[in-house]
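Data file: run-v9.pdb. Format and content: PDB, C-alpha atoms.
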```pdb
MODEL        1
ATOM      1  CA  MET A   1    -174.011  73.087  43.916
ATOM      2  CA  GLU A   2    -176.826  70.599  43.414
ATOM      3  CA  ILE A   3    -177.026  67.339  41.478
ATOM      4  CA  GLY A   4    -180.678  66.546  40.952
ATOM      5  CA  PHE A   5    -182.320  66.964  44.363
ATOM      6  CA  LEU A   6    -179.046  66.461  46.328
ATOM      7  CA  PRO A   7    -177.141  69.548  47.545
ATOM      8  CA  ILE A   8    -173.377  68.934  47.339
ATOM      9  CA  THR A   9    -170.788  71.096  49.060
ATOM     10  CA  LEU A  10    -167.009  71.227  48.779
ATOM     11  CA  TRP A  11    -166.757  69.320  52.072
ATOM     12  CA  ASP A  12    -168.889  66.508  50.635
ATOM     13  CA  LEU A  13    -166.481  66.153  47.705
ATOM     14  CA  LEU A  14    -163.496  66.234  50.069
ATOM     15  CA  ASP A  15    -165.163  63.578  52.221
ATOM     16  CA  VAL A  16    -165.597  61.265  49.222
ATOM     17  CA  VAL A  17    -161.999  61.819  48.057
ATOM     18  CA  ILE A  18    -160.552  61.059  51.513
ATOM     19  CA  VAL A  19    -162.645  57.908  51.952
ATOM     20  CA  GLY A  20    -161.709  56.740  48.455
ATOM     21  CA  PHE A  21    -158.021  57.366  49.155
ATOM     22  CA  LEU A  22    -158.151  55.430  52.450
ATOM     23  CA  LEU A  23    -159.926  52.502  50.795
ATOM     24  CA  PHE A  24    -157.386  52.440  47.967
ATOM     25  CA  GLN A  25    -154.437  52.526  50.386
ATOM     26  CA  SER A  26    -156.028  49.739  52.438
ATOM     27  CA  TYR A  27    -156.451  47.657  49.307
ATOM     28  CA  LYS A  28    -152.779  48.213  48.344
ATOM     29  CA  LEU A  29    -151.616  47.091  51.790
ATOM     30  CA  LEU A  30    -153.785  43.952  51.782
ATOM     31  CA  ARG A  31    -153.395  42.991  48.123
ATOM     32  CA  GLY A  32    -151.739  39.615  47.744
ATOM     33  CA  SER A  33    -152.510  38.447  51.297
ATOM     34  CA  VAL A  34    -155.294  36.234  52.611
ATOM     35  CA  ALA A  35    -156.746  39.252  54.447
ATOM     36  CA  ILE A  36    -157.914  40.775  51.149
ATOM     37  CA  ASN A  37    -161.003  38.520  51.185
ATOM     38  CA  ILE A  38    -161.955  39.829  54.634
ATOM     39  CA  PHE A  39    -161.402  43.401  53.460
ATOM     40  CA  ILE A  40    -163.740  42.902  50.482
ATOM     41  CA  GLY A  41    -166.341  41.377  52.809
ATOM     42  CA  VAL A  42    -166.149  44.352  55.179
ATOM     43  CA  VAL A  43    -166.519  46.861  52.336
ATOM     44  CA  THR A  44    -169.511  44.904  51.007
ATOM     45  CA  LEU A  45    -171.112  44.920  54.464
ATOM     46  CA  ILE A  46    -170.646  48.698  54.797
ATOM     47  CA  VAL A  47    -172.181  49.337  51.355
ATOM     48  CA  LEU A  48    -175.107  47.034  52.209
ATOM     49  CA  SER A  49    -175.635  48.911  55.488
ATOM     50  CA  TRP A  50    -175.774  52.219  53.623
ATOM     51  CA  ILE A  51    -178.315  50.817  51.135
ATOM     52  CA  VAL A  52    -180.692  49.389  53.770
ATOM     53  CA  ARG A  53    -180.558  52.654  55.754
ATOM     54  CA  SER A  54    -181.436  54.587  52.583
ATOM     55  CA  LEU A  55    -184.409  52.270  52.029
ATOM     56  CA  ASN A  56    -185.524  52.675  55.687
ATOM     57  CA  MET A  57    -185.313  48.934  56.325
ATOM     58  CA  GLU A  58    -185.092  49.364  60.100
ATOM     59  CA  LEU A  59    -184.808  45.727  61.217
ATOM     60  CA  LEU A  60    -182.126  44.749  58.690
ATOM     61  CA  SER A  61    -180.319  48.025  59.302
ATOM     62  CA  SER A  62    -180.231  47.316  63.044
ATOM     63  CA  ILE A  63    -178.847  43.815  62.512
ATOM     64  CA  ILE A  64    -176.109  44.973  60.133
ATOM     65  CA  GLY A  65    -175.277  47.893  62.433
ATOM     66  CA  LEU A  66    -174.902  45.482  65.330
ATOM     67  CA  LEU A  67    -172.569  43.275  63.290
ATOM     68  CA  ILE A  68    -170.423  46.250  62.318
ATOM     69  CA  SER A  69    -170.205  47.700  65.834
ATOM     70  CA  THR A  70    -169.353  44.397  67.523
ATOM     71  CA  GLY A  71    -166.993  43.352  64.754
ATOM     72  CA  VAL A  72    -164.595  46.289  65.097
ATOM     73  CA  ILE A  73    -162.516  44.633  67.835
ATOM     74  CA  ILE A  74    -162.450  41.348  65.911
ATOM     75  CA  LEU A  75    -161.283  43.126  62.771
ATOM     76  CA  ILE A  76    -158.483  44.887  64.658
ATOM     77  CA  ILE A  77    -157.279  41.509  65.921
ATOM     78  CA  VAL A  78    -157.529  39.892  62.478
ATOM     79  CA  PHE A  79    -155.838  42.802  60.704
ATOM     80  CA  GLN A  80    -153.202  43.417  63.393
ATOM     81  CA  PRO A  81    -150.195  42.879  61.057
ATOM     82  CA  GLU A  82    -151.752  45.078  58.365
ATOM     83  CA  VAL A  83    -152.674  47.846  60.851
ATOM     84  CA  ARG A  84    -149.134  47.792  62.216
ATOM     85  CA  ARG A  85    -147.711  47.930  58.697
ATOM     86  CA  PHE A  86    -149.943  50.914  57.835
ATOM     87  CA  LEU A  87    -148.871  52.840  60.951
ATOM     88  CA  LEU A  88    -145.194  52.081  60.277
ATOM     89  CA  LEU A  89    -145.577  53.258  56.690
ATOM     90  CA  LEU A  90    -147.313  56.451  57.830
ATOM     91  CA  GLY A  91    -144.608  57.158  60.418
ATOM     92  CA  ASN A  92    -141.767  56.506  57.993
ATOM     93  CA  ASN A  93    -143.283  58.845  55.390
ATOM     94  CA  THR A  94    -143.690  61.590  58.016
ATOM     95  CA  LEU A  95    -140.076  61.257  59.150
ATOM     96  CA  ARG A  96    -138.863  61.260  55.549
ATOM     97  CA  GLN A  97    -140.750  64.465  54.756
ATOM     98  CA  ARG A  98    -139.335  66.107  57.883
ATOM     99  CA  SER A  99    -135.811  65.054  56.948
ATOM    100  CA  LYS A 100    -136.196  66.432  53.419
ATOM    101  CA  PHE A 101    -137.465  69.732  54.840
ATOM    102  CA  LEU A 102    -134.454  70.033  57.163
ATOM    103  CA  ASP A 103    -132.071  69.156  54.350
ATOM    104  CA  THR A 104    -133.563  71.916  52.228
ATOM    105  CA  LEU A 105    -133.645  74.396  55.098
ATOM    106  CA  LEU A 106    -129.992  73.811  56.058
ATOM    107  CA  ASP A 107    -128.830  73.361  52.441
ATOM    108  CA  ARG A 108    -127.019  70.125  53.302
ATOM    109  CA  LYS A 109    -124.869  68.496  50.639
ATOM    110  CA  ASP A 110    -123.674  64.945  50.161
ATOM    111  CA  ASP A 111    -120.054  65.181  51.290
ATOM    112  CA  ASP A 112    -119.480  61.442  51.268
ATOM    113  CA  ASN A 113    -120.276  60.771  47.606
ATOM    114  CA  LYS A 114    -116.908  59.129  47.068
ATOM    115  CA  GLU A 115    -117.364  56.880  50.090
ATOM    116  CA  ARG A 116    -120.839  55.874  48.915
ATOM    117  CA  LYS A 117    -119.527  54.918  45.478
ATOM    118  CA  GLU A 118    -116.872  52.721  47.093
ATOM    119  CA  SER A 119    -119.472  51.103  49.360
ATOM    120  CA  ALA A 120    -121.712  50.372  46.359
ATOM    121  CA  LYS A 121    -118.754  48.909  44.495
ATOM    122  CA  GLN A 122    -117.874  46.591  47.393
ATOM    123  CA  LEU A 123    -121.502  45.487  47.821
ATOM    124  CA  LYS A 124    -121.933  44.728  44.110
ATOM    125  CA  LYS A 125    -118.731  42.673  44.032
ATOM    126  CA  ALA A 126    -119.819  40.709  47.100
ATOM    127  CA  LEU A 127    -123.287  39.967  45.681
ATOM    128  CA  LEU A 128    -121.926  38.776  42.348
ATOM    129  CA  SER A 129    -119.205  36.722  44.022
ATOM    130  CA  MET A 130    -121.643  34.985  46.389
ATOM    131  CA  SER A 131    -123.999  34.409  43.468
ATOM    132  CA  LYS A 132    -121.238  32.675  41.527
ATOM    133  CA  ARG A 133    -120.411  30.392  44.489
ATOM    134  CA  LYS A 134    -124.096  29.851  45.396
ATOM    135  CA  GLU A 135    -123.722  31.193  48.905
ATOM    136  CA  GLY A 136    -127.057  32.294  50.334
ATOM    137  CA  ALA A 137    -127.330  35.877  51.554
ATOM    138  CA  LEU A 138    -129.960  38.367  52.699
ATOM    139  CA  ILE A 139    -128.962  42.051  52.839
ATOM    140  CA  ILE A 140    -131.294  44.873  53.894
ATOM    141  CA  LEU A 141    -130.539  48.391  52.625
ATOM    142  CA  ASN A 142    -132.162  51.046  54.782
ATOM    143  CA  LYS A 143    -132.155  54.808  54.218
ATOM    144  CA  LYS A 144    -134.856  56.341  56.398
ATOM    145  CA  ALA A 145    -136.792  53.686  58.357
ATOM    146  CA  ASN A 146    -136.270  53.004  62.052
ATOM    147  CA  LEU A 147    -135.058  49.389  62.219
ATOM    148  CA  GLU A 148    -133.557  49.488  65.697
ATOM    149  CA  GLY A 149    -135.791  46.613  66.781
ATOM    150  CA  ILE A 150    -134.601  44.481  63.847
ATOM    151  CA  ALA A 151    -130.940  45.338  64.520
ATOM    152  CA  GLN A 152    -131.270  44.209  68.136
ATOM    153  CA  THR A 153    -132.251  40.698  67.049
ATOM    154  CA  GLY A 154    -128.785  40.214  65.509
ATOM    155  CA  VAL A 155    -125.141  40.847  66.326
ATOM    156  CA  GLN A 156    -124.004  44.483  66.294
ATOM    157  CA  ILE A 157    -121.139  45.114  63.847
ATOM    158  CA  ASN A 158    -120.946  48.827  62.879
ATOM    159  CA  ALA A 159    -118.283  48.349  60.210
ATOM    160  CA  ASP A 160    -117.554  49.752  56.774
ATOM    161  CA  ILE A 161    -118.944  47.846  53.798
ATOM    162  CA  SER A 162    -116.304  45.580  52.300
ATOM    163  CA  ARG A 163    -116.453  42.545  50.062
ATOM    164  CA  PRO A 164    -114.307  40.300  52.319
ATOM    165  CA  LEU A 165    -116.437  41.086  55.388
ATOM    166  CA  LEU A 166    -119.718  40.398  53.578
ATOM    167  CA  GLU A 167    -118.430  37.131  52.158
ATOM    168  CA  ASN A 168    -117.113  35.986  55.558
ATOM    169  CA  ILE A 169    -120.424  36.723  57.265
ATOM    170  CA  PHE A 170    -122.435  34.771  54.681
ATOM    171  CA  PHE A 171    -119.919  31.919  54.380
ATOM    172  CA  LYS A 172    -121.806  28.634  54.834
ATOM    173  CA  ASN A 173    -120.023  27.729  58.092
ATOM    174  CA  SER A 174    -120.415  31.197  59.601
ATOM    175  CA  PRO A 175    -122.784  31.383  62.615
ATOM    176  CA  LEU A 176    -124.400  34.515  61.116
ATOM    177  CA  HIS A 177    -124.991  33.318  57.558
ATOM    178  CA  ASP A 178    -128.633  32.290  58.129
ATOM    179  CA  GLY A 179    -129.776  35.720  59.323
ATOM    180  CA  ALA A 180    -130.164  39.058  57.582
ATOM    181  CA  MET A 181    -127.571  41.816  57.354
ATOM    182  CA  LEU A 182    -128.679  45.388  57.982
ATOM    183  CA  ILE A 183    -126.902  48.231  56.142
ATOM    184  CA  GLU A 184    -127.552  51.898  56.942
ATOM    185  CA  ASN A 185    -125.621  55.029  55.973
ATOM    186  CA  ASP A 186    -122.887  53.040  54.200
ATOM    187  CA  LYS A 187    -122.288  50.972  57.357
ATOM    188  CA  ILE A 188    -122.954  47.351  58.218
ATOM    189  CA  ILE A 189    -125.033  47.853  61.366
ATOM    190  CA  ALA A 190    -125.807  44.258  62.301
ATOM    191  CA  ALA A 191    -125.848  40.699  60.984
ATOM    192  CA  GLY A 192    -127.771  37.561  61.847
ATOM    193  CA  CYS A 193    -130.968  39.598  62.224
ATOM    194  CA  ILE A 194    -134.398  37.961  62.360
ATOM    195  CA  LEU A 195    -137.030  39.282  59.943
ATOM    196  CA  PRO A 196    -140.809  38.767  59.758
ATOM    197  CA  LEU A 197    -141.951  36.354  57.055
ATOM    198  CA  SER A 198    -144.446  37.339  54.391
ATOM    199  CA  ASP A 199    -147.728  35.427  54.104
ATOM    200  CA  SER A 200    -148.373  36.696  50.573
ATOM    201  CA  VAL A 201    -150.101  34.147  48.344
ATOM    202  CA  ASP A 202    -148.547  35.765  45.264
ATOM    203  CA  LEU A 203    -145.080  34.405  46.017
ATOM    204  CA  PRO A 204    -144.060  31.307  44.033
ATOM    205  CA  GLN A 205    -143.990  28.031  45.947
ATOM    206  CA  SER A 206    -140.341  27.600  44.992
ATOM    207  CA  VAL A 207    -139.054  30.545  47.036
ATOM    208  CA  GLY A 208    -137.440  29.811  50.394
ATOM    209  CA  LEU A 209    -137.432  31.490  53.791
ATOM    210  CA  ARG A 210    -134.824  34.077  52.773
ATOM    211  CA  HIS A 211    -137.055  35.354  49.997
ATOM    212  CA  ARG A 212    -140.157  35.349  52.232
ATOM    213  CA  ALA A 213    -138.238  37.239  54.920
ATOM    214  CA  ALA A 214    -137.056  39.781  52.330
ATOM    215  CA  VAL A 215    -140.612  40.376  51.122
ATOM    216  CA  GLY A 216    -141.899  40.414  54.718
ATOM    217  CA  ILE A 217    -139.658  43.278  55.840
ATOM    218  CA  THR A 218    -140.401  45.315  52.693
ATOM    219  CA  GLU A 219    -144.138  44.868  53.286
ATOM    220  CA  ARG A 220    -143.771  46.503  56.691
ATOM    221  CA  THR A 221    -141.291  49.275  55.996
ATOM    222  CA  GLU A 222    -139.693  51.046  53.055
ATOM    223  CA  VAL A 223    -136.386  49.247  52.642
ATOM    224  CA  ALA A 224    -134.787  47.213  49.863
ATOM    225  CA  ALA A 225    -133.681  43.620  50.384
ATOM    226  CA  PHE A 226    -131.201  41.747  48.184
ATOM    227  CA  VAL A 227    -131.321  37.957  48.279
ATOM    228  CA  VAL A 228    -128.796  35.468  46.911
ATOM    229  CA  SER A 229    -130.304  32.017  46.449
ATOM    230  CA  GLU A 230    -128.330  29.174  47.987
ATOM    231  CA  GLU A 231    -129.916  26.690  45.563
ATOM    232  CA  THR A 232    -129.530  28.496  42.239
ATOM    233  CA  GLY A 233    -127.176  31.392  42.949
ATOM    234  CA  THR A 234    -129.617  33.875  41.394
ATOM    235  CA  ILE A 235    -129.926  37.372  42.846
ATOM    236  CA  SER A 236    -133.345  38.824  43.698
ATOM    237  CA  LEU A 237    -134.576  42.155  45.027
ATOM    238  CA  ALA A 238    -137.567  42.709  47.302
ATOM    239  CA  VAL A 239    -139.038  46.209  47.528
ATOM    240  CA  ASN A 240    -142.509  47.474  48.474
ATOM    241  CA  GLY A 241    -143.645  43.909  49.134
ATOM    242  CA  LYS A 242    -142.737  42.761  45.607
ATOM    243  CA  LEU A 243    -140.037  40.268  44.627
ATOM    244  CA  TYR A 244    -137.994  40.718  41.450
ATOM    245  CA  ARG A 245    -136.071  37.534  40.665
ATOM    246  CA  ARG A 246    -133.125  36.471  38.520
ATOM    247  CA  LEU A 247    -131.539  39.895  38.175
ATOM    248  CA  SER A 248    -128.781  40.329  35.606
ATOM    249  CA  LYS A 249    -125.337  41.647  36.543
ATOM    250  CA  GLU A 250    -126.139  45.016  34.980
ATOM    251  CA  LYS A 251    -129.454  45.214  36.845
ATOM    252  CA  VAL A 252    -127.788  44.369  40.157
ATOM    253  CA  GLU A 253    -125.303  47.200  39.692
ATOM    254  CA  GLU A 254    -128.086  49.628  38.798
ATOM    255  CA  LEU A 255    -130.277  48.664  41.752
ATOM    256  CA  VAL A 256    -127.454  48.761  44.296
ATOM    257  CA  ASN A 257    -126.645  52.325  43.218
ATOM    258  CA  LEU A 258    -130.339  53.210  43.504
ATOM    259  CA  HIS A 259    -131.071  51.775  46.964
ATOM    260  CA  LEU A 260    -127.785  52.089  48.867
TER
ENDMDL
END
```
Mind converting the file's structure to structure tokens?
Amino acid sequence: MEIGFLPITLWDLLDVVIVGFLLFQSYKLLRGSVAINIFIGVVTLIVLSWIVRSLNMELLSSIIGLLISTGVIILIIVFQPEVRRFLLLLGNNTLRQRSKFLDTLLDRKDDDNKERKESAKQLKKALLSMSKRKEGALIILNKKANLEGIAQTGVQINADISRPLLENIFFKNSPLHDGAMLIENDKIIAAGCILPLSDSVDLPQSVGLRHRAAVGITERTEVAAFVVSEETGTISLAVNGKLYRRLSKEKVEELVNLHL
């Protein structure tokens, strides 16, 4: 196939689609952070390099090429958190697809549906109770991601989800109340965990460290994070690097059922 004087093959179209997809995914990962300005600058520099090469501007092309080649290491250093987040996201998606394939192959069924409903019920009651008393809390719900490194920063618990246990852990005088709780497979894995903070400029100035930690962990891996504000008692949810604040009781119940 030809467009004007340019021959175009199927591989050319595939090349454009792949590059466009990678650029779009990079933009999604960097959107809302200060690194987005650097990303736009890099894309502009690449487009400018392509233009000057097309116009046979040898001197300018050489200078821009030198900047690009020597700037790769600098960019890796600058974008280190974003590169790490991209690789974690890619790995988590691969593991999730493999798990779904095995589930289909072995025809596994959810035998613990009753237990999961009870766990969701206990978690909802605890969130609403702590919200009413304005007790700060940060709870991470994980289904597929590997958070072993995060769990090791806290105290190992490995207990069933129960309202009294959650409320005792996040009680103001408890030594674990300032950290995050990690829940996996209807079990409280650890508490008092340390999470990475988000540097997103889209977050309101009024949000505290709990909310920034919740957004930070969801920027890096696919988990859901519930936050109870110690100042206002409102319940928020962080997912995919976004923060949804002031959730109603009905919304909390719906979202707990969805993410647990």
Q) Hey, which of A:Glu254, A:Asp160, A:Glu148, A:Glu58 ends up closest to Asp186 of chain A? Count all atoms listed in the file. A)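 The shortest atom-to-atom distance to Asp186 of chain A comes from A:Asp160.
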**Q.** Hits of the PyMOL selection byres ((chain A and resi 245) around 12) in this structure, as a list in words
**A.**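 So the PyMOL selection byres ((chain A and resi 245) around 12) ends up selecting Leu203, Pro204, Ser206, Val207, His211, Ala214, Val215, Ala225, Phe226, Val227, Val228, Ser229, Thr232, Gly233, Thr234, Ile235, Ser236, Leu237, Ala238, Val239, Lys242, Leu243, Tyr244, Arg246, Leu247, Ser248, Lys251 and Val252 of chain A.
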Q: Mind checking which residues fall within 12 Å of Ala120 of chain A, counting all atoms listed in the file, ignoring those fewer than 2 positions away in the same chain, and posting them as a VMD selection string?
A: chain A and resid 113 to 118 122 to 127 141 160 to 163 183 185 to 187 252 to 260
Q) Got a sec to resolve the PyMOL selection byres ((chain A and resi 151) around 12) on this structure and send the residues as an MDAnalysis selection string? A) chainID A and resid 140 142 145:150 152:158 179:184 188:195
Q. Hey, can you check how far atom CA of Ile8 of chain A sits from atom CA of Ser61 of chain A?
A.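 Taking atom CA of Ile8 of chain A as the start and atom CA of Ser61 of chain A as the end point, the length is 25.1 Å.
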Q. Rounded to one decimal in Å, what is the spacing between atom CA of Lys249 of chain A and atom CA of Ser131 of chain A?
A.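 That distance, rounded to one decimal, is 10.1 Å.
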